[in-house]
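As stored in model-v2.pdb (PDB, C-alpha atoms):
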ATOM      1  CA  MET A   1     141.370 153.422  81.262  1.00  0.00           C
ATOM      2  CA  ALA A   2     138.586 151.163  80.284  1.00  0.00           C
ATOM      3  CA  THR A   3     135.928 150.418  82.779  1.00  0.00           C
ATOM      4  CA  VAL A   4     134.560 146.969  83.124  1.00  0.00           C
ATOM      5  CA  GLU A   5     130.830 146.913  83.341  1.00  0.00           C
ATOM      6  CA  GLU A   6     129.413 144.491  85.879  1.00  0.00           C
ATOM      7  CA  PRO A   7     126.888 142.074  84.422  1.00  0.00           C
ATOM      8  CA  ARG A   8     123.329 142.514  85.678  1.00  0.00           C
ATOM      9  CA  VAL A   9     121.919 139.516  87.473  1.00  0.00           C
ATOM     10  CA  GLN A  10     118.403 138.676  86.459  1.00  0.00           C
ATOM     11  CA  PRO A  11     116.014 137.566  89.199  1.00  0.00           C
ATOM     12  CA  SER A  12     115.557 133.803  89.001  1.00  0.00           C
ATOM     13  CA  SER A  13     111.999 133.541  90.234  1.00  0.00           C
ATOM     14  CA  ASP A  14     108.735 135.442  90.281  1.00  0.00           C
ATOM     15  CA  ALA A  15     109.106 136.111  94.004  1.00  0.00           C
ATOM     16  CA  GLU A  16     112.387 137.927  93.432  1.00  0.00           C
ATOM     17  CA  ARG A  17     110.866 140.099  90.674  1.00  0.00           C
ATOM     18  CA  LYS A  18     107.858 141.185  92.724  1.00  0.00           C
ATOM     19  CA  SER A  19     107.976 144.229  94.885  1.00  0.00           C
ATOM     20  CA  VAL A  20     107.445 144.075  98.622  1.00  0.00           C
ATOM     21  CA  GLY A  21     103.970 145.546  98.174  1.00  0.00           C
ATOM     22  CA  GLN A  22     103.016 142.827  95.732  1.00  0.00           C
ATOM     23  CA  LEU A  23     104.327 140.167  98.101  1.00  0.00           C
ATOM     24  CA  VAL A  24     102.290 141.617 100.963  1.00  0.00           C
ATOM     25  CA  VAL A  25      99.165 141.612  98.786  1.00  0.00           C
ATOM     26  CA  ASP A  26      99.828 137.972  97.822  1.00  0.00           C
ATOM     27  CA  VAL A  27     100.311 136.932 101.450  1.00  0.00           C
ATOM     28  CA  SER A  28      97.176 138.832 102.446  1.00  0.00           C
ATOM     29  CA  ASP A  29      95.122 137.104  99.719  1.00  0.00           C
ATOM     30  CA  GLN A  30      96.466 133.684 100.637  1.00  0.00           C
ATOM     31  CA  THR A  31      95.786 134.307 104.331  1.00  0.00           C
ATOM     32  CA  SER A  32      92.212 135.394 103.579  1.00  0.00           C
ATOM     33  CA  THR A  33      91.662 132.285 101.481  1.00  0.00           C
ATOM     34  CA  LEU A  34      93.107 130.083 104.213  1.00  0.00           C
ATOM     35  CA  ILE A  35      90.892 131.660 106.870  1.00  0.00           C
ATOM     36  CA  ARG A  36      87.776 131.272 104.694  1.00  0.00           C
ATOM     37  CA  GLU A  37      88.606 127.606 104.082  1.00  0.00           C
ATOM     38  CA  GLU A  38      89.184 126.987 107.807  1.00  0.00           C
ATOM     39  CA  ILE A  39      85.832 128.594 108.648  1.00  0.00           C
ATOM     40  CA  GLU A  40      84.105 126.468 106.010  1.00  0.00           C
ATOM     41  CA  LEU A  41      85.769 123.337 107.424  1.00  0.00           C
ATOM     42  CA  ALA A  42      84.602 124.252 110.931  1.00  0.00           C
ATOM     43  CA  LYS A  43      81.027 124.836 109.726  1.00  0.00           C
ATOM     44  CA  THR A  44      80.970 121.512 107.890  1.00  0.00           C
ATOM     45  CA  GLU A  45      82.393 119.623 110.844  1.00  0.00           C
ATOM     46  CA  VAL A  46      79.941 121.131 113.337  1.00  0.00           C
ATOM     47  CA  SER A  47      76.955 120.508 111.049  1.00  0.00           C
ATOM     48  CA  GLU A  48      77.992 116.862 110.600  1.00  0.00           C
ATOM     49  CA  LYS A  49      78.223 116.359 114.361  1.00  0.00           C
ATOM     50  CA  VAL A  50      74.878 118.078 114.961  1.00  0.00           C
ATOM     51  CA  ASN A  51      73.255 115.915 112.274  1.00  0.00           C
ATOM     52  CA  GLN A  52      74.635 112.786 113.939  1.00  0.00           C
ATOM     53  CA  LEU A  53      73.308 113.899 117.331  1.00  0.00           C
ATOM     54  CA  VAL A  54      69.863 114.685 115.891  1.00  0.00           C
ATOM     55  CA  ARG A  55      69.710 111.405 113.971  1.00  0.00           C
ATOM     56  CA  GLY A  56      70.718 109.439 117.053  1.00  0.00           C
ATOM     57  CA  SER A  57      68.212 111.274 119.237  1.00  0.00           C
ATOM     58  CA  VAL A  58      65.302 110.691 116.839  1.00  0.00           C
ATOM     59  CA  LEU A  59      66.106 107.006 116.481  1.00  0.00           C
ATOM     60  CA  GLY A  60      66.465 106.739 120.253  1.00  0.00           C
ATOM     61  CA  VAL A  61      63.018 108.277 120.796  1.00  0.00           C
ATOM     62  CA  VAL A  62      61.374 105.982 118.234  1.00  0.00           C
ATOM     63  CA  ALA A  63      63.042 102.917 119.747  1.00  0.00           C
ATOM     64  CA  GLY A  64      62.059 104.084 123.212  1.00  0.00           C
ATOM     65  CA  VAL A  65      58.379 104.387 122.289  1.00  0.00           C
ATOM     66  CA  PHE A  66      58.217 100.849 120.897  1.00  0.00           C
ATOM     67  CA  LEU A  67      60.175  99.452 123.816  1.00  0.00           C
ATOM     68  CA  VAL A  68      57.839 101.149 126.284  1.00  0.00           C
ATOM     69  CA  PHE A  69      54.790  99.528 124.670  1.00  0.00           C
ATOM     70  CA  ALA A  70      56.481  96.114 124.583  1.00  0.00           C
ATOM     71  CA  LEU A  71      57.692  96.506 128.140  1.00  0.00           C
ATOM     72  CA  ILE A  72      54.227  97.435 129.408  1.00  0.00           C
ATOM     73  CA  LEU A  73      52.787  94.239 127.956  1.00  0.00           C
ATOM     74  CA  ALA A  74      55.658  92.074 129.183  1.00  0.00           C
ATOM     75  CA  MET A  75      55.647  93.520 132.674  1.00  0.00           C
ATOM     76  CA  GLU A  76      51.872  93.145 132.931  1.00  0.00           C
ATOM     77  CA  GLY A  77      52.311  89.460 132.201  1.00  0.00           C
ATOM     78  CA  VAL A  78      55.133  89.107 134.733  1.00  0.00           C
ATOM     79  CA  ALA A  79      53.107  90.920 137.413  1.00  0.00           C
ATOM     80  CA  TRP A  80      50.180  88.531 136.942  1.00  0.00           C
ATOM     81  CA  LEU A  81      52.610  85.588 136.914  1.00  0.00           C
ATOM     82  CA  LEU A  82      54.091  86.744 140.243  1.00  0.00           C
ATOM     83  CA  ASN A  83      50.574  87.183 141.575  1.00  0.00           C
ATOM     84  CA  ASP A  84      49.497  83.656 140.630  1.00  0.00           C
ATOM     85  CA  GLU A  85      52.708  81.709 141.362  1.00  0.00           C
ATOM     86  CA  VAL A  86      54.664  83.531 144.097  1.00  0.00           C
ATOM     87  CA  PHE A  87      52.819  86.113 146.167  1.00  0.00           C
ATOM     88  CA  ASN A  88      49.164  85.279 145.735  1.00  0.00           C
ATOM     89  CA  ASN A  89      48.542  88.994 146.148  1.00  0.00           C
ATOM     90  CA  PRO A  90      48.153  91.288 143.081  1.00  0.00           C
ATOM     91  CA  TRP A  91      49.579  94.526 144.515  1.00  0.00           C
ATOM     92  CA  LEU A  92      52.833  92.864 145.638  1.00  0.00           C
ATOM     93  CA  GLY A  93      53.625  91.582 142.118  1.00  0.00           C
ATOM     94  CA  PHE A  94      53.121  95.049 140.657  1.00  0.00           C
ATOM     95  CA  LEU A  95      55.234  96.626 143.431  1.00  0.00           C
ATOM     96  CA  VAL A  96      58.168  94.298 142.668  1.00  0.00           C
ATOM     97  CA  GLU A  97      57.912  95.246 139.028  1.00  0.00           C
ATOM     98  CA  ALA A  98      57.830  98.959 139.837  1.00  0.00           C
ATOM     99  CA  ALA A  99      61.112  98.559 141.720  1.00  0.00           C
ATOM    100  CA  ALA A 100      62.609  96.759 138.708  1.00  0.00           C
ATOM    101  CA  PHE A 101      61.463  99.630 136.464  1.00  0.00           C
ATOM    102  CA  VAL A 102      63.181 102.173 138.708  1.00  0.00           C
ATOM    103  CA  LEU A 103      66.475 100.243 138.503  1.00  0.00           C
ATOM    104  CA  ILE A 104      66.254  99.875 134.725  1.00  0.00           C
ATOM    105  CA  GLY A 105      65.392 103.574 134.339  1.00  0.00           C
ATOM    106  CA  ALA A 106      68.365 104.619 136.484  1.00  0.00           C
ATOM    107  CA  LEU A 107      70.685 102.476 134.363  1.00  0.00           C
ATOM    108  CA  ALA A 108      69.248 103.986 131.165  1.00  0.00           C
ATOM    109  CA  VAL A 109      69.822 107.518 132.482  1.00  0.00           C
ATOM    110  CA  LEU A 110      73.493 106.735 133.213  1.00  0.00           C
ATOM    111  CA  ILE A 111      74.023 105.324 129.728  1.00  0.00           C
ATOM    112  CA  ALA A 112      72.258 108.317 128.110  1.00  0.00           C
ATOM    113  CA  VAL A 113      74.378 110.826 130.052  1.00  0.00           C
ATOM    114  CA  ARG A 114      77.579 109.106 128.903  1.00  0.00           C
ATOM    115  CA  ALA A 115      76.381 109.074 125.287  1.00  0.00           C
ATOM    116  CA  PHE A 116      75.553 112.806 125.315  1.00  0.00           C
ATOM    117  CA  LYS A 117      78.876 113.687 126.947  1.00  0.00           C
ATOM    118  CA  ARG A 118      80.721 111.912 124.123  1.00  0.00           C
ATOM    119  CA  GLY A 119      78.727 113.700 121.399  1.00  0.00           C
ATOM    120  CA  ALA A 120      78.439 117.178 122.875  1.00  0.00           C
ATOM    121  CA  PRO A 121      79.435 119.889 122.487  1.00  0.00           C
ATOM    122  CA  PRO A 122      79.820 119.621 118.748  1.00  0.00           C
ATOM    123  CA  THR A 123      83.177 121.349 118.378  1.00  0.00           C
ATOM    124  CA  PRO A 124      85.154 121.579 115.128  1.00  0.00           C
ATOM    125  CA  ASP A 125      88.140 119.520 116.329  1.00  0.00           C
ATOM    126  CA  GLN A 126      89.731 119.068 112.894  1.00  0.00           C
ATOM    127  CA  ALA A 127      89.492 122.762 112.028  1.00  0.00           C
ATOM    128  CA  ILE A 128      91.020 123.743 115.372  1.00  0.00           C
ATOM    129  CA  GLU A 129      93.881 121.285 114.832  1.00  0.00           C
ATOM    130  CA  GLN A 130      94.495 122.599 111.291  1.00  0.00           C
ATOM    131  CA  ALA A 131      94.539 126.195 112.528  1.00  0.00           C
ATOM    132  CA  ARG A 132      97.015 125.267 115.263  1.00  0.00           C
ATOM    133  CA  LEU A 133      99.302 123.541 112.738  1.00  0.00           C
ATOM    134  CA  THR A 134      99.074 126.497 110.352  1.00  0.00           C
ATOM    135  CA  ARG A 135      99.978 128.945 113.120  1.00  0.00           C
ATOM    136  CA  GLU A 136     102.977 126.789 114.112  1.00  0.00           C
ATOM    137  CA  ARG A 137     104.195 126.650 110.504  1.00  0.00           C
ATOM    138  CA  LEU A 138     103.824 130.408 110.084  1.00  0.00           C
ATOM    139  CA  GLU A 139     105.731 131.048 113.297  1.00  0.00           C
ATOM    140  CA  ARG A 140     108.576 128.778 112.140  1.00  0.00           C
ATOM    141  CA  ALA A 141     108.699 130.225 108.608  1.00  0.00           C
ATOM    142  CA  PRO A 142     111.571 132.625 107.917  1.00  0.00           C
ATOM    143  CA  SER A 143     110.454 136.202 107.662  1.00  0.00           C
ATOM    144  CA  VAL A 144     110.573 137.936 104.282  1.00  0.00           C
ATOM    145  CA  LYS A 145     113.211 140.632 104.214  1.00  0.00           C
ATOM    146  CA  ALA A 146     112.749 143.580 101.925  1.00  0.00           C
ATOM    147  CA  SER A 147     115.589 144.056  99.493  1.00  0.00           C
ATOM    148  CA  PRO A 148     116.356 147.534  98.243  1.00  0.00           C
ATOM    149  CA  GLU A 149     114.934 148.187  94.818  1.00  0.00           C
ATOM    150  CA  PRO A 150     117.288 149.657  92.153  1.00  0.00           C
TER
END
Encoding of this model in structure tokens:
Amino acid sequence: MATVEEPRVQPSSDAERKSVGQLVVDVSDQTSTLIREEIELAKTEVSEKVNQLVRGSVLGVVAGVFLVFALILAMEGVAWLLNDEVFNNPWLGFLVEAAAFVLIGALAVLIAVRAFKRGAPPTPDQAIEQARLTRERLERAPSVKASPEP
């Protein structure tokens, strides 16, 4: 009786030809690369946000210095104007201006607090989102089953 020999099926892709060990090494390498890239993205994102905060703070300080000098001169003029035209008493004109300065300063503090809350802390939002999406994709991916080797 003649025996019929079954034809051997050749693996159709590289993944089917690789052993389980090779696949694990590939996954490990790809995971390491992905983690390194995510860390680099986080570093870049945080440094960009810190640079923006520093740049904004420096420009705010410079603008504040010039505005203080201009405000001193303007308020001096207004105080003398109040003295000559309204109160006829120098200390009362300067007292009214001091109260106006306190109100303006309080408003500036509120605006500054809001601005710093929006910019701080400099967290890597994009990197965190990418890591979350990657984890979700890996959890949904079908697991690799080891096939018996001949």
(message) What does the structure give for the distance between CA of Ala63 (chain A) and CA of Thr44 (chain A), in Å to one decimal?
(response)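 Separating CA of Ala63 (chain A) from CA of Thr44 (chain A) is a distance of 28.4 Å.
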(message) Using Å and a single decimal, report how far CA of Ala79 (chain A) sits from CA of Leu59 (chain A).
(response)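 One can read the CA of Leu59 (chain A) to CA of Ala79 (chain A) distance as 29.4 Å.
Across the structure, CA of Arg55 (chain A) and CA of Arg36 (chain A) are spaced 28.4 Å apart.
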(message) Which residues, named as in the file, does the PyMOL selection byres ((chain A and resi 96) around 12) pick out? Answer as an MDAnalysis selection string.
(response) chainID A and resid 75:76 78:83 86:87 89:95 97:103
Please produce a file of the residues just selected, as a PDB file, in the frame of the given file, where the atoms kept are C-alpha atoms.
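Final output, again_1.pdb:
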ATOM      1  CA  MET A  75      55.647  93.520 132.674  1.00  0.00           C
ATOM      2  CA  GLU A  76      51.872  93.145 132.931  1.00  0.00           C
ATOM      3  CA  VAL A  78      55.133  89.107 134.733  1.00  0.00           C
ATOM      4  CA  ALA A  79      53.107  90.920 137.413  1.00  0.00           C
ATOM      5  CA  TRP A  80      50.180  88.531 136.942  1.00  0.00           C
ATOM      6  CA  LEU A  81      52.610  85.588 136.914  1.00  0.00           C
ATOM      7  CA  LEU A  82      54.091  86.744 140.243  1.00  0.00           C
ATOM      8  CA  ASN A  83      50.574  87.183 141.575  1.00  0.00           C
ATOM      9  CA  VAL A  86      54.664  83.531 144.097  1.00  0.00           C
ATOM     10  CA  PHE A  87      52.819  86.113 146.167  1.00  0.00           C
ATOM     11  CA  ASN A  89      48.542  88.994 146.148  1.00  0.00           C
ATOM     12  CA  PRO A  90      48.153  91.288 143.081  1.00  0.00           C
ATOM     13  CA  TRP A  91      49.579  94.526 144.515  1.00  0.00           C
ATOM     14  CA  LEU A  92      52.833  92.864 145.638  1.00  0.00           C
ATOM     15  CA  GLY A  93      53.625  91.582 142.118  1.00  0.00           C
ATOM     16  CA  PHE A  94      53.121  95.049 140.657  1.00  0.00           C
ATOM     17  CA  LEU A  95      55.234  96.626 143.431  1.00  0.00           C
ATOM     18  CA  GLU A  97      57.912  95.246 139.028  1.00  0.00           C
ATOM     19  CA  ALA A  98      57.830  98.959 139.837  1.00  0.00           C
ATOM     20  CA  ALA A  99      61.112  98.559 141.720  1.00  0.00           C
ATOM     21  CA  ALA A 100      62.609  96.759 138.708  1.00  0.00           C
ATOM     22  CA  PHE A 101      61.463  99.630 136.464  1.00  0.00           C
ATOM     23  CA  VAL A 102      63.181 102.173 138.708  1.00  0.00           C
ATOM     24  CA  LEU A 103      66.475 100.243 138.503  1.00  0.00           C
TER      25      LEU A 103
END
(request) Just the residues within 12 Å of Ser57 (chain A), please, counting all atoms listed in the file, with nothing from its chain fewer than 5 positions along; format it as a count of residues only. (result) 10
Show me, as a PDB file with C-alpha atoms, in the frame of the given file, the residues that have an atom within 7 Å of region 126-139 of chain A when counting all atoms listed in the file, minus same-chain residues fewer than 3 positions from it.
ATOM      1  CA  GLU A  38      89.184 126.987 107.807  1.00  0.00           C
ATOM      2  CA  LEU A  41      85.769 123.337 107.424  1.00  0.00           C
ATOM      3  CA  ALA A  42      84.602 124.252 110.931  1.00  0.00           C
TER       4      ALA A  42
END
What are the centre and edge lengths in Å, to one decimal, of the axis-aligned box around all listed atoms of region 52-57 of chain A with 4 Å added on each side, as AutoDock Vina command-line options?
--center_x 71.4 --center_y 112.1 --center_z 116.6 --size_x 14.4 --size_y 13.2 --size_z 13.3
